[in-house]
$ cat data13.cif   # mmCIF, C-alpha atoms
data_input
#
loop_
_atom_site.label_atom_id
_atom_site.label_comp_id
_atom_site.auth_asym_id
_atom_site.auth_seq_id
_atom_site.Cartn_x
_atom_site.Cartn_y
_atom_site.Cartn_z
CA MET D 1 16.79 168.92 35.48
CA LYS D 2 16.12 166.67 32.50
CA VAL D 3 12.92 166.43 30.44
CA LEU D 4 12.23 163.59 28.00
CA PHE D 5 9.87 164.15 25.05
CA ILE D 6 8.49 160.96 23.47
CA ASN D 7 7.02 161.31 19.96
CA SER D 8 5.61 158.42 17.93
CA LEU D 9 4.26 160.53 15.05
CA HIS D 10 5.19 164.21 15.44
CA PRO D 11 8.60 164.91 13.87
CA ALA D 12 11.40 165.56 16.34
CA LYS D 13 11.52 169.18 15.11
CA ASP D 14 7.75 169.72 15.15
CA THR D 15 7.00 173.44 15.45
CA ARG D 16 5.02 173.28 18.70
CA LEU D 17 7.16 170.65 20.38
CA PHE D 18 10.65 171.66 19.31
CA GLN D 19 10.51 175.31 18.26
CA LYS D 20 8.39 176.42 21.21
CA GLU D 21 8.09 173.92 24.07
CA ALA D 22 11.54 172.29 23.99
CA LYS D 23 13.34 175.57 23.28
CA SER D 24 11.42 177.35 26.06
CA LEU D 25 12.43 174.68 28.57
CA SER D 26 16.01 174.78 27.32
CA GLU D 27 16.18 178.56 27.72
CA ASP D 28 14.98 178.11 31.31
CA GLY D 29 17.86 175.76 32.07
CA TYR D 30 16.29 172.35 31.50
CA LYS D 31 18.07 169.66 29.54
CA VAL D 32 15.69 168.27 26.93
CA VAL D 33 15.92 164.95 25.10
CA ILE D 34 13.51 164.35 22.21
CA ILE D 35 12.95 160.80 20.97
CA GLY D 36 10.93 160.71 17.78
CA PRO D 37 10.83 160.41 13.98
CA TYR D 38 13.97 162.02 12.57
CA LEU D 39 16.39 161.20 9.76
CA THR D 40 19.47 161.82 11.88
CA LYS D 41 20.13 159.31 14.67
CA HIS D 42 21.65 161.85 17.04
CA GLU D 43 21.87 165.65 17.09
CA ARG D 44 22.54 168.20 19.81
CA ILE D 45 21.20 171.76 19.60
CA GLY D 46 22.19 173.70 22.72
CA ASN D 47 20.60 171.92 25.68
CA ILE D 48 18.36 169.87 23.37
CA VAL D 49 19.36 166.38 22.26
CA ILE D 50 17.45 164.63 19.48
CA LYS D 51 17.51 160.85 19.27
CA GLY D 52 16.01 159.98 15.92
CA VAL D 53 13.85 156.95 15.23
CA ASN D 54 13.09 155.72 11.73
CA GLN D 55 9.34 155.57 11.32
CA PRO D 56 8.20 152.08 10.21
CA LYS D 57 4.72 151.73 8.76
CA ASN D 58 3.77 149.67 11.81
CA ARG D 59 3.23 152.00 14.78
CA ILE D 60 3.64 149.09 17.23
CA ILE D 61 7.23 148.64 16.05
CA THR D 62 7.75 152.39 16.48
CA LEU D 63 6.52 152.15 20.09
CA PHE D 64 8.96 149.31 20.73
CA TYR D 65 11.85 151.45 19.48
CA LEU D 66 10.66 154.42 21.56
CA PHE D 67 10.48 152.31 24.71
CA LYS D 68 13.86 150.71 24.02
CA ILE D 69 15.58 154.12 23.75
CA ALA D 70 13.57 155.91 26.44
CA ILE D 71 14.05 153.31 29.17
CA HIS D 72 17.79 154.03 29.20
CA GLN D 73 17.31 157.76 29.75
CA LYS D 74 17.23 159.17 33.27
CA PRO D 75 14.78 162.10 33.04
CA ASN D 76 13.06 163.94 35.85
CA VAL D 77 9.88 164.43 33.79
CA ILE D 78 8.42 162.74 30.70
CA GLN D 79 6.23 164.55 28.16
CA CYS D 80 4.29 162.43 25.65
CA ASN D 81 2.72 163.86 22.50
CA GLU D 82 0.43 161.20 21.00
CA LEU D 83 -2.04 158.71 22.44
CA ASP D 84 0.24 155.72 21.86
CA SER D 85 3.45 157.43 23.05
CA TRP D 86 1.49 158.35 26.20
CA LEU D 87 1.27 154.64 27.00
CA VAL D 88 5.06 154.32 26.60
CA GLY D 89 5.57 157.34 28.83
CA VAL D 90 3.28 156.03 31.56
CA LEU D 91 5.03 152.65 31.58
CA ILE D 92 8.44 154.30 31.95
CA GLY D 93 7.04 156.79 34.46
CA ARG D 94 5.83 153.95 36.65
CA ILE D 95 9.14 152.10 36.34
CA ARG D 96 11.25 155.21 37.07
CA LYS D 97 8.72 156.74 39.51
CA ILE D 98 8.75 160.12 37.73
CA PRO D 99 5.90 162.45 36.65
CA VAL D 100 4.32 162.22 33.20
CA ILE D 101 2.74 165.02 31.15
CA PHE D 102 0.56 164.44 28.09
CA ASP D 103 0.36 167.24 25.52
CA ALA D 104 -3.06 166.76 23.92
CA HIS D 105 -2.78 168.95 20.83
CA GLU D 106 -6.35 168.16 19.91
CA TYR D 107 -9.58 166.52 21.07
CA TYR D 108 -8.49 162.90 20.72
CA PRO D 109 -11.82 161.08 21.35
CA SER D 110 -12.98 162.30 17.93
CA ARG D 111 -9.59 161.77 16.26
CA LEU D 112 -10.86 158.79 14.24
CA ASP D 113 -14.29 160.19 13.34
CA ASP D 114 -13.45 160.43 9.63
CA LYS D 115 -11.83 156.98 9.54
CA VAL D 116 -14.55 154.75 11.01
CA PRO D 117 -18.12 154.02 9.84
CA ALA D 118 -20.74 156.36 11.33
CA ILE D 119 -22.37 153.47 13.19
CA LEU D 120 -19.11 152.84 15.12
CA LYS D 121 -18.22 156.46 15.81
CA LYS D 122 -19.69 156.74 19.30
CA SER D 123 -18.30 153.36 20.36
CA VAL D 124 -14.80 154.35 19.24
CA GLN D 125 -15.10 157.66 21.09
CA ARG D 126 -16.09 155.82 24.29
CA ILE D 127 -13.11 153.46 23.95
CA LEU D 128 -10.70 156.37 23.46
CA LYS D 129 -12.18 158.19 26.47
CA PHE D 130 -11.73 155.11 28.63
CA TYR D 131 -8.13 154.72 27.41
CA MET D 132 -7.34 158.38 28.13
CA LYS D 133 -8.98 158.31 31.55
CA PHE D 134 -6.99 155.20 32.48
CA LEU D 135 -3.66 156.75 31.48
CA SER D 136 -4.55 160.02 33.20
CA LEU D 137 -4.71 158.09 36.50
CA PHE D 138 -0.92 157.72 36.23
CA SER D 139 -0.17 161.21 34.86
CA HIS D 140 0.42 164.55 36.56
CA ARG D 141 -0.89 166.94 33.89
CA VAL D 142 -2.63 167.03 30.54
CA ILE D 143 -1.94 170.09 28.41
CA THR D 144 -4.29 171.16 25.63
CA VAL D 145 -4.68 174.15 23.31
CA SER D 146 -8.00 175.84 24.18
CA GLU D 147 -10.55 176.32 26.94
CA VAL D 148 -13.18 174.61 24.79
CA ILE D 149 -11.14 171.41 24.54
CA LYS D 150 -10.20 171.64 28.23
CA ARG D 151 -13.89 171.54 29.15
CA ARG D 152 -14.33 168.47 26.94
CA TYR D 153 -11.56 166.76 28.92
CA ASP D 154 -13.46 166.98 32.19
CA PHE D 155 -13.53 163.15 32.32
CA LEU D 156 -9.75 162.93 32.90
CA ALA D 157 -8.38 162.05 36.33
CA CYS D 158 -5.53 164.58 36.42
CA PRO D 159 -5.48 168.41 36.08
CA VAL D 160 -5.86 169.82 32.56
CA CYS D 161 -4.02 173.04 31.63
CA VAL D 162 -4.34 175.25 28.55
CA ILE D 163 -1.24 176.28 26.61
CA HIS D 164 -2.49 178.01 23.48
CA ASN D 165 -0.92 177.14 20.15
CA TYR D 166 0.17 180.73 19.55
CA SER D 167 3.09 181.58 17.31
CA ASP D 168 6.42 183.07 18.34
CA GLU D 169 8.48 185.99 17.09
CA LEU D 170 10.74 183.69 15.07
CA ILE D 171 8.12 183.25 12.35
CA LYS D 172 8.37 187.00 11.67
CA LYS D 173 12.16 187.23 11.88
CA LYS D 174 13.02 184.63 9.25
CA SER D 175 14.05 186.38 6.03
CA VAL D 176 13.94 183.79 3.28
CA ASN D 177 12.88 185.20 -0.11
CA ILE D 178 10.62 182.97 -2.20
CA ASP D 179 10.90 184.19 -5.82
CA ILE D 180 8.83 181.35 -7.26
CA LEU D 181 5.58 183.01 -6.15
CA SER D 182 6.25 186.38 -7.80
CA ASP D 183 4.80 185.21 -11.15
CA TYR D 184 1.39 184.44 -9.62
CA TYR D 185 -1.49 186.46 -8.21
CA PRO D 186 -3.31 185.86 -5.99
CA VAL D 187 -1.36 183.22 -4.07
CA LEU D 188 -3.39 181.04 -1.71
CA ILE D 189 -1.42 178.93 0.75
CA HIS D 190 -2.26 175.92 2.90
CA THR D 191 0.31 174.49 5.32
CA GLY D 192 0.13 171.27 7.34
CA LEU D 193 -1.48 167.92 6.62
CA ILE D 194 -3.26 167.66 3.28
CA ASN D 195 -6.35 165.47 2.83
CA LEU D 196 -10.05 165.57 2.02
CA SER D 197 -10.99 166.31 5.64
CA LYS D 198 -8.84 169.47 5.38
CA GLY D 199 -11.01 170.75 2.51
CA LEU D 200 -8.72 169.68 -0.33
CA GLN D 201 -11.51 168.99 -2.84
CA THR D 202 -13.38 172.22 -2.05
CA ILE D 203 -10.18 174.24 -2.50
CA VAL D 204 -9.31 172.57 -5.82
CA GLU D 205 -12.81 173.15 -7.19
CA GLY D 206 -12.74 176.72 -5.86
CA VAL D 207 -9.44 177.46 -7.60
CA ALA D 208 -11.00 176.36 -10.90
CA LEU D 209 -13.84 178.86 -10.36
CA LEU D 210 -11.40 181.63 -9.33
CA LYS D 211 -9.21 181.06 -12.39
CA LYS D 212 -11.85 182.66 -14.61
CA ASN D 213 -11.18 186.09 -13.05
CA TYR D 214 -7.63 185.38 -11.88
CA PRO D 215 -5.84 183.34 -14.60
CA LYS D 216 -2.52 183.56 -12.73
CA ILE D 217 -3.91 182.29 -9.43
CA LEU D 218 -1.78 179.79 -7.52
CA CYS D 219 -2.78 177.57 -4.63
CA LEU D 220 0.28 176.24 -2.81
CA PHE D 221 -0.03 173.25 -0.48
CA ILE D 222 2.94 172.78 1.85
CA GLY D 223 2.90 169.59 3.89
CA LYS D 224 2.36 165.86 3.82
CA ASN D 225 -0.55 164.35 1.93
CA SER D 226 -2.01 161.95 4.49
CA ASP D 227 -4.93 160.75 2.35
CA SER D 228 -5.36 157.23 1.05
CA PRO D 229 -3.85 156.44 -2.39
CA GLU D 230 -7.40 156.25 -3.78
CA ASN D 231 -8.24 159.77 -2.59
CA GLN D 232 -4.93 161.13 -3.83
CA LYS D 233 -5.65 159.64 -7.25
CA LYS D 234 -9.15 161.15 -7.16
CA ILE D 235 -7.78 164.66 -6.53
CA LYS D 236 -5.11 164.28 -9.21
CA GLN D 237 -7.78 163.30 -11.75
CA LEU D 238 -9.96 166.25 -10.63
CA ILE D 239 -7.08 168.70 -11.15
CA GLU D 240 -6.49 167.27 -14.64
CA LYS D 241 -10.20 167.41 -15.48
CA LEU D 242 -10.47 171.06 -14.37
CA LYS D 243 -7.26 171.94 -16.27
CA ILE D 244 -5.66 173.72 -13.34
CA GLY D 245 -2.42 171.76 -13.11
CA LYS D 246 -0.39 174.99 -13.41
CA ASN D 247 -2.46 176.65 -10.68
CA ILE D 248 -1.97 173.99 -7.98
CA LYS D 249 1.40 173.12 -6.49
CA PHE D 250 2.23 170.58 -3.79
CA VAL D 251 5.42 170.93 -1.74
CA GLU D 252 6.54 168.37 0.85
CA TRP D 253 7.45 169.45 4.39
CA ILE D 254 10.04 172.24 4.32
CA ASP D 255 12.35 173.64 6.97
CA HIS D 256 10.61 175.82 9.55
CA LYS D 257 12.99 178.67 8.61
CA LYS D 258 11.51 178.85 5.11
CA ILE D 259 7.83 178.85 6.07
CA SER D 260 7.63 182.58 6.79
CA GLY D 261 9.10 183.38 3.36
CA TYR D 262 6.20 181.59 1.70
CA LEU D 263 3.67 183.14 4.07
CA ARG D 264 4.94 186.69 3.54
CA THR D 265 4.81 186.26 -0.23
CA ALA D 266 1.32 184.72 -0.27
CA THR D 267 -1.94 186.66 -0.49
CA ILE D 268 -4.31 184.56 1.64
CA GLY D 269 -3.87 181.70 4.14
CA LEU D 270 -6.29 178.78 4.02
CA ILE D 271 -7.82 176.69 6.79
CA MET D 272 -10.63 174.73 5.17
CA PHE D 273 -11.14 171.68 7.37
CA ASP D 274 -14.44 169.82 7.61
CA ILE D 275 -16.18 171.06 10.77
CA ASN D 276 -18.44 167.99 10.83
CA ILE D 277 -15.40 166.34 12.41
CA THR D 278 -15.46 167.45 16.06
CA ASN D 279 -11.68 167.54 16.32
CA ASN D 280 -11.52 170.07 13.47
CA LYS D 281 -14.34 172.16 14.86
CA LEU D 282 -12.65 172.59 18.24
CA GLY D 283 -9.07 172.90 17.03
CA LEU D 284 -6.81 175.95 16.92
CA PRO D 285 -3.94 174.79 14.70
CA GLN D 286 -0.45 176.23 14.82
CA LYS D 287 -0.61 177.31 11.17
CA PHE D 288 -3.50 179.69 11.90
CA PHE D 289 -1.39 181.76 14.27
CA GLU D 290 1.59 181.59 11.91
CA TYR D 291 -0.61 183.09 9.21
CA LEU D 292 -1.64 185.93 11.54
CA TYR D 293 1.89 186.58 12.81
CA THR D 294 3.07 187.18 9.24
CA GLY D 295 0.07 189.42 8.56
CA LEU D 296 -1.65 186.95 6.26
CA PRO D 297 -5.45 187.25 6.10
CA VAL D 298 -7.30 183.96 6.47
CA ILE D 299 -10.17 182.06 4.88
CA ALA D 300 -11.64 179.73 7.53
CA PRO D 301 -14.81 177.68 8.10
CA ASP D 302 -17.89 179.08 9.80
CA SER D 303 -19.06 177.71 13.16
CA CYS D 304 -15.68 176.64 14.52
CA GLU D 305 -13.07 178.05 16.91
CA VAL D 306 -10.84 179.35 14.11
CA GLY D 307 -13.80 180.97 12.35
CA ASN D 308 -14.89 182.65 15.58
CA ILE D 309 -11.48 184.35 15.90
CA VAL D 310 -11.46 185.37 12.22
CA ARG D 311 -14.82 187.08 12.64
CA LYS D 312 -14.09 188.61 16.05
CA TYR D 313 -10.86 190.30 14.96
CA GLN D 314 -11.82 190.77 11.29
CA VAL D 315 -8.68 189.09 9.96
CA GLY D 316 -10.30 187.39 6.97
CA ASN D 317 -13.53 185.77 5.81
CA THR D 318 -15.44 182.64 6.85
CA VAL D 319 -17.02 180.09 4.53
CA ASN D 320 -18.94 176.87 4.24
CA SER D 321 -15.92 174.58 3.93
CA ARG D 322 -17.85 172.09 1.78
CA ASP D 323 -19.03 174.66 -0.80
CA SER D 324 -16.55 175.60 -3.55
CA ARG D 325 -18.80 178.44 -4.77
CA ASP D 326 -18.89 179.94 -1.26
CA PHE D 327 -15.11 179.57 -1.16
CA GLN D 328 -14.78 181.45 -4.45
CA ILE D 329 -16.96 184.34 -3.23
CA ALA D 330 -15.10 184.59 0.11
CA VAL D 331 -11.70 184.69 -1.62
CA GLU D 332 -12.80 187.30 -4.18
CA ASN D 333 -14.30 189.50 -1.45
CA LEU D 334 -11.14 189.22 0.63
CA ILE D 335 -8.93 190.11 -2.35
CA THR D 336 -11.09 193.21 -2.94
CA SER D 337 -10.74 194.17 0.73
CA ILE D 338 -6.96 193.74 0.53
CA GLU D 339 -6.66 195.80 -2.65
CA ASN D 340 -8.84 198.56 -1.13
CA ASN D 341 -6.66 198.57 2.02
CA GLU D 342 -9.64 197.52 4.14
CA VAL D 343 -7.59 194.57 5.35
CA SER D 344 -4.05 195.48 6.36
CA ARG D 345 -1.22 193.02 6.92
CA GLU D 346 0.31 195.36 9.49
CA ASP D 347 -2.96 195.49 11.42
CA ILE D 348 -3.13 191.69 11.42
CA LYS D 349 0.46 191.46 12.68
CA ASN D 350 -0.33 193.90 15.48
CA ILE D 351 -3.43 191.91 16.50
CA ALA D 352 -1.39 188.70 16.54
CA LYS D 353 1.37 190.24 18.65
CA GLU D 354 -1.10 191.74 21.14
CA LYS D 355 -3.57 188.87 21.43
CA PHE D 356 -1.79 185.68 20.37
CA SER D 357 1.81 185.86 21.60
CA TRP D 358 3.74 182.77 22.66
CA GLU D 359 5.63 184.78 25.29
CA GLU D 360 2.77 184.61 27.80
CA GLU D 361 2.07 180.97 26.99
CA LYS D 362 5.76 180.21 27.41
CA THR D 363 5.65 181.47 31.01
CA LYS D 364 2.59 179.34 31.77
CA TYR D 365 4.21 176.30 30.19
CA ILE D 366 7.44 176.62 32.18
CA ASP D 367 5.44 177.16 35.38
CA ILE D 368 3.82 173.74 34.90
CA TYR D 369 7.25 172.13 34.90
CA ARG D 370 8.47 174.16 37.84
CA LYS D 371 5.49 173.12 39.96
CA ILE D 372 5.88 169.47 39.04
CA THR D 373 9.63 169.33 39.58
CA ASN D 374 9.41 171.25 42.85
CA CYS D 375 6.91 168.86 44.36
CA CYS D 376 8.13 165.58 42.91
#

$ encode --input "data13.cif" --output "structure tokens"
Amino acid sequence: MKVLFINSLHPAKDTRLFQKEAKSLSEDGYKVVIIGPYLTKHERIGNIVIKGVNQPKNRIITLFYLFKIAIHQKPNVIQCNELDSWLVGVLIGRIRKIPVIFDAHEYYPSRLDDKVPAILKKSVQRILKFYMKFLSLFSHRVITVSEVIKRRYDFLACPVCVIHNYSDELIKKKSVNIDILSDYYPVLIHTGLINLSKGLQTIVEGVALLKKNYPKILCLFIGKNSDSPENQKKIKQLIEKLKIGKNIKFVEWIDHKKISGYLRTATIGLIMFDINITNNKLGLPQKFFEYLYTGLPVIAPDSCEVGNIVRKYQVGNTVNSRDSRDFQIAVENLITSIENNEVSREDIKNIAKEKFSWEEEKTKYIDIYRKITNCC
């Protein structure tokens, strides 16, 4: 049985798609082909084949390349992982008469809320809902990451299933030592996309306030800066103005195997997105569960799904993600709790393993494929 993943934006080795979903299917005996952004044109890893596509700036050209490669495959099921790749998948699904699954990692109707004028926000959301409902008419399942988002997708025409974005045991088993962080304390870490909507300015200003009591503080950003050149320049100038250039480091995407080394060496994990963006407020990002699985306490925004979990299980502190002073206080209080052994990394690891394990989600995910392939 062959499954085709179509990615227009997510890297071919994306943590959720490759490390968990594709590998889980492969372990269950499925052959998996992933078409998506990747530097290598062709690579085989066990039962998983990656067909890389260079990522032009024009997404329409990317979709053309995806369709051109995908149409020659002969899968039994197609899984799409972005709104535009979903269109490609549905077209091929109709041509080949095979089922299509859409993995909605987030609440897509609000995906552009921070990129369009406020007056157009509701109109754009309505257009995206119409687009999603139309494609769902030709799809067999939509997968999303939480019950809250599932309820928001009640307008879709096909069944919606929840596969939580929990981490797997691999994040704990990797043993890469990161010596570069040993000269700093405390070490704050942020992984994933970097931009103003992810709290970048608040964090930078907060680090400047924290430096007064912690001169060797380091805030490490690992991931791609997706902000506009103007915003990137603004942050660079802010860092220079605050004289914290030695306390802020940016690292491009790194191999998944190295992530846990950074997380285990860090002091606190950061999730500081702007909750005025609905997609952020509802989201449960992969990095949050990676933080927990390595025992890393978390600073997260109030009044959002991530913040609710942080408070419920007491695995960190919550803040106003637009207030650098509130950020400073939350970090200092959490450091005190860590130093007084009131917050234990082992306790956080145990909570993650008991409450947020991929093993149970893996079974649910494979069951979706078994039901579809048995009846189609």

$ atom_distance --input "data13.cif" --atom1 "CA of Glu252 in chain D" --atom2 "CA of Thr191 in chain D"
9.8 Å

$ atom_distance --input "data13.cif" --atom1 "CA of Ile61 in chain D" --atom2 "CA of Glu230 in chain D"
25.8 Å

$ residues_around --input "data13.cif" --residues "Arg151 in chain D" --least-positions-apart "5" --cutoff "12 Å" --atoms "all atoms listed in the file" --output "number ranges by chain"
D: 107, 144-146, 156, 159-162, 282

$ closest_residue --input "data13.cif" --among "D:Lys68, D:Leu39, D:Ser26, D:Leu4" --to "Cys80 in chain D" --atoms "all atoms listed in the file"
D:Leu4

$ residues_near_point --input "data13.cif" --point "(-3.3, 187.0, -9.9)" --cutoff "9 Å" --atoms "only C-alpha atoms" --output "MDAnalysis selection string"
chainID D and resid 183:187 211 213:218

$ closest_residue --input "data13.cif" --among "D:Ser24, D:Ser182, D:Thr373, D:Asn308" --to "Tyr262 in chain D" --atoms "all atoms listed in the file"
D:Ser182

$ closest_residue --input "data13.cif" --among "D:Leu209, D:Leu200, D:Val116, D:Ile348" --to "Asp274 in chain D" --atoms "only C-alpha atoms"
D:Leu200

$ closest_residue --input "data13.cif" --among "D:Val319, D:Ile335, D:Ile163, D:Ile35" --to "Leu284 in chain D" --atoms "only C-alpha atoms"
D:Ile163

$ closest_residue --input "data13.cif" --among "D:Ala104, D:Ile271, D:Ile309, D:Ile45" --to "Arg152 in chain D" --atoms "only C-alpha atoms"
D:Ala104

$ residues_near_point --input "data13.cif" --point "(8.1, 161.8, 28.5)" --cutoff "12 Å" --atoms "only C-alpha atoms" --output "number ranges by chain"
D: 2-8, 22, 32-36, 66-67, 69-71, 73-82, 84-94, 96, 98-103, 139-141
